[in-house]
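Student: Below you'll find input_11.txt; it's compact mmCIF, C-alpha atoms.
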```txt
# COMPACT_ATOMS: atom_id res chain seq x y z
CA MET H 105 0.00 0.00 0.00
CA SER H 106 2.63 2.53 1.05
CA SER H 107 4.83 1.67 -1.91
CA LEU H 108 1.89 2.26 -4.25
CA ASN H 109 1.35 5.64 -2.62
CA SER H 110 4.99 6.62 -2.96
CA SER H 111 5.09 5.48 -6.57
CA PHE H 112 2.15 7.75 -7.41
CA ALA H 113 3.70 10.62 -5.50
CA ALA H 114 6.85 10.01 -7.54
CA LEU H 115 4.79 10.05 -10.75
CA ALA H 116 3.05 13.31 -9.88
CA ASP H 117 6.05 15.26 -11.19
CA PRO H 118 6.31 15.66 -14.98
CA THR H 119 10.13 15.64 -14.94
CA ARG H 120 10.10 12.31 -13.12
CA ARG H 121 7.61 10.87 -15.61
CA ALA H 122 9.83 12.04 -18.43
CA LEU H 123 12.83 10.42 -16.73
CA LEU H 124 10.91 7.17 -16.45
CA SER H 125 9.88 7.27 -20.09
CA ARG H 126 13.53 7.86 -21.06
CA LEU H 127 14.54 4.85 -18.94
CA ALA H 128 11.80 2.81 -20.59
CA ARG H 129 14.00 3.02 -23.67
CA GLY H 130 17.01 1.57 -21.83
CA GLU H 131 19.60 2.05 -19.11
CA ALA H 132 21.15 5.52 -18.80
CA THR H 133 23.66 7.46 -16.69
CA VAL H 134 22.80 10.66 -14.80
CA MET H 135 24.66 12.67 -17.43
CA GLU H 136 22.67 11.08 -20.24
CA LEU H 137 19.43 11.60 -18.34
CA ALA H 138 20.18 15.26 -17.59
CA LYS H 139 20.98 16.12 -21.21
CA PRO H 140 17.47 16.75 -22.63
CA PHE H 141 16.38 18.69 -19.54
CA GLU H 142 17.38 22.22 -18.70
CA MET H 143 18.33 21.10 -15.22
CA THR H 144 21.55 20.61 -13.33
CA GLN H 145 22.83 17.12 -12.62
CA PRO H 146 22.22 17.52 -8.86
CA ALA H 147 18.58 18.42 -9.58
CA ILE H 148 18.23 15.35 -11.78
CA SER H 149 19.94 13.24 -9.11
CA GLN H 150 17.37 14.45 -6.59
CA HIS H 151 14.51 13.30 -8.87
CA LEU H 152 16.27 9.98 -9.41
CA LYS H 153 16.53 9.55 -5.65
CA VAL H 154 12.75 9.96 -5.29
CA LEU H 155 12.18 7.43 -8.07
CA GLU H 156 14.62 5.02 -6.47
CA GLU H 157 13.05 5.32 -3.01
CA ALA H 158 9.68 4.64 -4.59
CA GLY H 159 11.12 1.45 -6.04
CA LEU H 160 10.55 2.60 -9.61
CA ILE H 161 14.19 2.50 -10.72
CA VAL H 162 17.37 0.70 -9.69
CA GLN H 163 21.04 1.53 -10.13
CA ARG H 164 24.09 -0.62 -10.62
CA VAL H 165 27.79 0.09 -10.22
CA ASP H 166 29.85 0.32 -13.39
CA GLY H 167 33.27 1.73 -12.44
CA ALA H 168 32.68 5.37 -11.50
CA LYS H 169 29.24 5.35 -13.15
CA ARG H 170 25.90 4.48 -11.61
CA PRO H 171 23.63 3.72 -14.55
CA ARG H 172 19.90 3.61 -13.75
CA ARG H 173 17.27 1.37 -15.23
CA LEU H 174 13.55 0.82 -14.75
CA ALA H 175 12.47 -1.57 -12.02
CA LYS H 176 9.45 -3.82 -12.49
CA ALA H 177 7.40 -1.39 -10.36
CA GLY H 178 8.50 1.43 -12.67
CA ILE H 179 7.21 -0.42 -15.69
CA ASP H 180 3.91 -1.08 -13.91
CA ALA H 181 3.66 2.58 -12.89
CA MET H 182 4.20 3.73 -16.47
CA ASP H 183 1.54 1.27 -17.62
CA GLN H 184 -0.87 2.73 -15.08
CA TRP H 185 -0.10 6.24 -16.21
CA LEU H 186 -0.81 5.21 -19.81
CA ALA H 187 -4.03 3.62 -18.63
CA MET H 188 -5.11 6.99 -17.24
CA LEU H 189 -4.37 8.70 -20.54
CA ARG H 190 -6.40 5.97 -22.22
CA LYS H 191 -9.22 6.57 -19.76
CA ALA H 192 -9.40 10.31 -20.53
CA LEU H 193 -9.60 9.52 -24.25
CA GLU H 194 -12.22 6.84 -23.65
CA LYS H 195 -14.27 9.35 -21.71
CA ASN H 196 -14.19 11.69 -24.73
CA TYR H 197 -15.43 8.98 -27.05
CA ASP H 198 -18.16 7.85 -24.65
CA ARG H 199 -19.37 11.45 -24.72
CA LEU H 200 -19.10 11.46 -28.52
CA ASP H 201 -21.36 8.37 -28.61
CA GLU H 202 -23.99 10.46 -26.81
CA VAL H 203 -23.51 13.44 -29.14
CA LEU H 204 -23.92 11.15 -32.16
CA ALA H 205 -27.03 9.54 -30.66
CA ALA H 206 -28.53 13.00 -30.11
CA MET H 207 -27.71 13.96 -33.72
CA GLU H 208 -29.46 10.83 -34.93
CA ALA H 209 -32.49 11.55 -32.74
CA ASN H 210 -32.66 14.98 -34.40
CA GLY H 211 -32.51 13.34 -37.81
CA GLU H 212 -29.15 14.92 -38.47
CA THR H 213 -26.98 11.93 -39.26
CA ASN H 214 -28.07 11.69 -42.87
CA LYS H 215 -27.67 15.39 -43.48
CA GLU H 216 -25.05 16.52 -45.99
CA THR H 217 -21.64 17.07 -44.43
CA LYS H 218 -21.72 20.72 -45.40
CA PRO H 219 -25.14 22.27 -45.81
CA THR H 220 -24.60 25.27 -48.07
CA THR H 221 -27.02 27.52 -46.22
CA LYS H 222 -29.03 27.45 -43.07
CA THR H 223 -32.31 27.66 -44.96
CA GLU H 224 -31.39 24.64 -47.01
CA SER H 225 -30.75 22.52 -43.95
CA ASN H 226 -33.99 23.80 -42.44
CA LYS H 227 -35.83 22.88 -45.61
CA LYS H 228 -34.32 19.45 -45.43
CA ARG H 229 -35.39 19.03 -41.83
CA LYS H 230 -38.92 20.09 -42.73
CA LYS H 231 -38.94 17.61 -45.56
CA GLN H 232 -37.85 14.84 -43.21
CA ARG H 233 -40.59 15.73 -40.79
CA THR H 234 -43.26 15.35 -43.45
CA LEU H 235 -41.95 11.93 -44.46
CA MET I 121 -21.29 -1.83 -26.93
CA THR I 122 -18.16 -3.92 -26.44
CA MET I 123 -17.57 -3.39 -30.15
CA THR I 124 -16.85 0.27 -29.50
CA LYS I 125 -13.86 -0.36 -27.24
CA MET I 126 -10.99 1.99 -27.95
CA THR I 127 -7.44 0.84 -28.66
CA LEU I 128 -4.34 2.96 -28.09
CA LYS I 129 -1.04 1.56 -29.35
CA THR I 130 2.42 2.73 -30.20
CA GLU I 131 3.73 1.78 -33.63
CA GLY I 132 7.42 1.81 -34.55
CA ASP I 133 9.40 4.55 -32.82
CA ILE I 134 7.37 7.67 -33.57
CA HIS I 135 3.72 6.72 -34.10
CA ILE I 136 0.67 6.40 -31.87
CA VAL I 137 -2.43 4.74 -33.27
CA VAL I 138 -5.91 5.06 -31.73
CA THR I 139 -8.96 3.19 -33.03
CA ARG I 140 -12.58 3.41 -31.99
CA ARG I 141 -15.90 2.27 -33.50
CA PHE I 142 -19.06 4.38 -33.53
CA ALA I 143 -22.66 3.39 -34.23
CA ALA I 144 -23.18 6.50 -36.41
CA PRO I 145 -22.11 6.75 -40.06
CA PRO I 146 -18.86 8.55 -41.13
CA GLU I 147 -20.82 11.71 -42.14
CA ALA I 148 -21.94 12.28 -38.54
CA VAL I 149 -18.59 11.37 -36.95
CA TYR I 150 -16.81 13.70 -39.36
CA ARG I 151 -19.15 16.57 -38.46
CA ALA I 152 -18.61 15.92 -34.75
CA HIS I 153 -14.88 16.33 -35.37
CA THR I 154 -15.12 19.58 -37.35
CA GLU I 155 -18.10 21.60 -36.06
CA PRO I 156 -17.27 23.67 -32.95
CA LYS I 157 -20.74 23.33 -31.41
CA LEU I 158 -20.41 19.55 -31.52
CA LEU I 159 -16.71 19.42 -30.54
CA GLN I 160 -17.41 21.49 -27.42
CA GLN I 161 -19.79 18.78 -26.21
CA TRP I 162 -17.33 15.90 -26.14
CA LEU I 163 -13.66 16.85 -26.57
CA LEU I 164 -13.19 17.59 -22.88
CA GLY I 165 -10.99 14.93 -21.26
CA PRO I 166 -11.65 14.16 -17.60
CA GLU I 167 -14.72 15.47 -15.83
CA GLY I 168 -14.71 19.11 -14.72
CA TRP I 169 -13.14 20.55 -17.88
CA THR I 170 -14.86 22.72 -20.48
CA MET I 171 -13.78 24.11 -23.85
CA PRO I 172 -14.85 27.78 -23.87
CA VAL I 173 -12.90 28.55 -27.06
CA CYS I 174 -13.28 26.33 -30.12
CA ILE I 175 -12.19 27.86 -33.40
CA ASN I 176 -12.14 25.47 -36.33
CA GLU I 177 -11.62 26.52 -39.96
CA ALA I 178 -12.16 23.10 -41.51
CA ARG I 179 -10.54 23.70 -44.90
CA PRO I 180 -7.04 22.93 -46.22
CA GLY I 181 -4.68 25.52 -44.73
CA GLY I 182 -7.34 26.50 -42.18
CA LYS I 183 -6.39 26.91 -38.54
CA PHE I 184 -7.91 25.66 -35.33
CA ARG I 185 -7.55 26.59 -31.69
CA TYR I 186 -9.10 24.75 -28.74
CA GLU I 187 -8.88 26.15 -25.21
CA TRP I 188 -9.74 24.16 -22.11
CA THR I 189 -10.31 25.32 -18.58
CA ASN I 190 -11.42 23.87 -15.25
CA ALA I 191 -13.05 25.34 -12.16
CA LYS I 192 -9.70 25.50 -10.36
CA GLY I 193 -8.37 28.04 -12.85
CA GLY I 194 -6.29 25.50 -14.74
CA GLY I 195 -6.07 25.77 -18.48
CA PHE I 196 -4.17 25.00 -21.65
CA TYR I 197 -4.73 25.17 -25.37
CA ILE I 198 -3.96 23.46 -28.65
CA THR I 199 -3.35 25.16 -31.98
CA GLY I 200 -3.13 23.51 -35.37
CA GLU I 201 -3.50 23.69 -39.13
CA PHE I 202 -5.47 21.53 -41.51
CA VAL I 203 -3.44 19.91 -44.28
CA GLU I 204 -6.09 17.88 -46.05
CA LEU I 205 -9.83 17.27 -45.65
CA GLN I 206 -11.78 14.61 -47.49
CA PRO I 207 -15.28 14.76 -46.00
CA PRO I 208 -16.49 12.47 -44.57
CA ASN I 209 -13.56 10.05 -44.58
CA LYS I 210 -10.30 11.78 -43.82
CA ILE I 211 -8.76 14.70 -41.91
CA VAL I 212 -5.02 15.42 -41.91
CA HIS I 213 -3.81 18.12 -39.53
CA ILE I 214 -0.80 19.28 -37.53
CA GLU I 215 -1.21 20.25 -33.88
CA ARG I 216 0.76 21.27 -30.83
CA MET I 217 -0.13 21.73 -27.20
CA HIS I 218 0.74 25.00 -25.41
CA LEU I 219 1.62 24.44 -21.77
CA PRO I 220 2.27 27.40 -22.34
CA ASP I 221 5.44 26.56 -24.30
CA PRO I 222 4.50 24.70 -27.47
CA THR I 223 5.19 20.98 -27.66
CA PRO I 224 6.76 19.62 -30.87
CA ASP I 225 4.36 19.29 -33.81
CA ASN I 226 2.15 16.23 -33.88
CA HIS I 227 1.15 15.20 -37.41
CA VAL I 228 -2.29 13.56 -37.19
CA GLU I 229 -4.17 11.60 -39.82
CA THR I 230 -7.75 10.69 -38.89
CA ARG I 231 -9.79 8.27 -40.97
CA PHE I 232 -13.52 7.53 -40.70
CA ASP I 233 -14.20 4.32 -42.61
CA PRO I 234 -17.66 2.80 -43.02
CA ASP I 235 -18.05 -0.22 -40.74
CA GLY I 236 -21.41 -1.88 -41.25
CA THR I 237 -23.91 0.89 -40.50
CA GLY I 238 -21.35 2.64 -38.31
CA THR I 239 -17.81 3.98 -38.48
CA LEU I 240 -14.34 2.72 -37.71
CA MET I 241 -12.19 5.69 -36.73
CA THR I 242 -8.40 5.35 -36.99
CA ILE I 243 -6.14 8.15 -35.72
CA ARG I 244 -2.48 7.86 -36.64
CA MET I 245 -0.18 10.36 -34.94
CA THR I 246 3.39 10.92 -36.08
CA LEU I 247 5.80 12.62 -33.69
CA PRO I 248 9.17 14.07 -34.77
CA ASP I 249 11.21 11.55 -32.77
CA ALA I 250 11.03 8.74 -30.21
CA GLN I 251 11.82 11.08 -27.32
CA THR I 252 8.94 13.39 -28.15
CA ARG I 253 6.55 10.47 -28.33
CA ALA I 254 7.77 9.13 -24.99
CA ALA I 255 7.43 12.55 -23.38
CA MET I 256 3.94 12.98 -24.81
CA LEU I 257 2.71 9.65 -23.49
CA ALA I 258 4.49 10.22 -20.19
CA SER I 259 3.06 13.68 -19.67
CA GLY I 260 -0.32 12.36 -20.70
CA MET I 261 -2.08 15.60 -21.47
CA GLU I 262 -0.51 17.13 -18.40
CA HIS I 263 -3.37 19.30 -17.16
CA GLY I 264 -6.28 17.19 -18.25
CA MET I 265 -4.89 14.15 -16.52
CA GLU I 266 -4.80 15.77 -13.12
CA ALA I 267 -8.41 14.91 -12.28
CA SER I 268 -7.96 11.25 -13.16
CA TYR I 269 -4.75 11.20 -11.19
CA VAL I 270 -6.46 12.51 -8.08
CA ARG I 271 -9.30 10.00 -8.49
CA LEU I 272 -6.89 7.12 -8.83
CA GLU I 273 -4.91 8.25 -5.82
CA ASN I 274 -8.10 8.28 -3.75
CA MET I 275 -8.78 4.69 -4.74
CA ILE I 276 -5.51 3.43 -3.29
```
I need this file expressed as structure tokens, please.
Tutor:
Amino acid sequence: MSSLNSSFAALADPTRRALLSRLARGEATVMELAKPFEMTQPAISQHLKVLEEAGLIVQRVDGAKRPRRLAKAGIDAMDQWLAMLRKALEKNYDRLDEVLAAMEANGETNKETKPTTKTESNKKRKKQRTL
Amino acid sequence: MTMTKMTLKTEGDIHIVVTRRFAAPPEAVYRAHTEPKLLQQWLLGPEGWTMPVCINEARPGGKFRYEWTNAKGGGFYITGEFVELQPPNKIVHIERMHLPDPTPDNHVETRFDPDGTGTLMTIRMTLPDAQTRAAMLASGMEHGMEASYVRLENMI
């Protein structure tokens, strides 16, 4: 439970999510991770520390370097974040279903894509009503 | 309604592909993607957001601008240009999100293909590079996602 909470706290920061998505593409050193961001290496190291304490990434020793990679929990967390993005999109399309149903109820779905004038589309509606 | 389930997949290094089926024919789905009064009813993301500004010049070279806001004073907007429109089957446009700095251009091709009496919609996004795509998926519509994030956190 607490590790789930700390992983979501870790994910609340956009820089940390970007770091995770970079690590999703493979192991990287602090210097490599800092490059695309306009941040100092200590600032990046601080973010990496939060991610590490949340169990989302791990480091190994390679001479003087400490390359980081995603932990299993990090992969799961990214999946969950993607699931939320998916959910927001799904919500849009569920709403669109309702908009389309309302258009159909108004007899609009068979209307020309671009009615040339308002009167023409009104005429058409009138015609449909008499049918 | 299980037929309408959305898919969201990455493809290669720089693409994102979204598919979704609708019960309505392509003519209606196309209109709902190009007419401001219809767009403002559904293109809203998580609950609590509205789109007070929806400008859409649906013609090749035409521009669009969508602005979203929530009750907490949050907000962001997207601008874009239409490249190609083939009503009711195809829309090609370029868009970017302003947060407020603009994100790299997203090249989007949307198809509405007849599927029985309904429509199969396929959106294919092309980002400039793998890093941009990763950042886009990772930031997940930064502002809009906040509500979902809070909801999920409350569930834990």
Student: Tell me, as a PyMOL selection string, which residues lie within 12 Å of Gly236 of chain I, counting all atoms listed in the file; anything in the same chain fewer than 2 positions away does not count.
Tutor: chain I and resi 123+141-146+233-234+238-240
Student: Provide the atom CA of Arg216 of chain I to atom CA of Arg179 of chain I distance in Å, to one decimal place.
Tutor: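 If I compute the distance from atom CA of Arg216 of chain I to atom CA of Arg179 of chain I, I get 18.2 Å.
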Student: When distances are computed from all atoms listed in the file, which of H:Ala116, H:Leu200, H:Val165, H:Ala209 shows the smallest separation from Leu158 of chain I?
Tutor: H:Leu200
Student: Measuring atom to atom with all atoms listed in the file, identify which of H:Arg164, H:Lys139, H:Arg126, H:Lys176 is nearest to chain I.
Tutor: H:Arg126
Student: At most 7 Å from (-6.8, 1.3, -30.6), file frame, all atoms listed in the file: which residues, as a list in words?
Tutor: Met126, Thr127, Leu128, Lys129, Val137, Val138, Thr139 and Arg140 of chain I
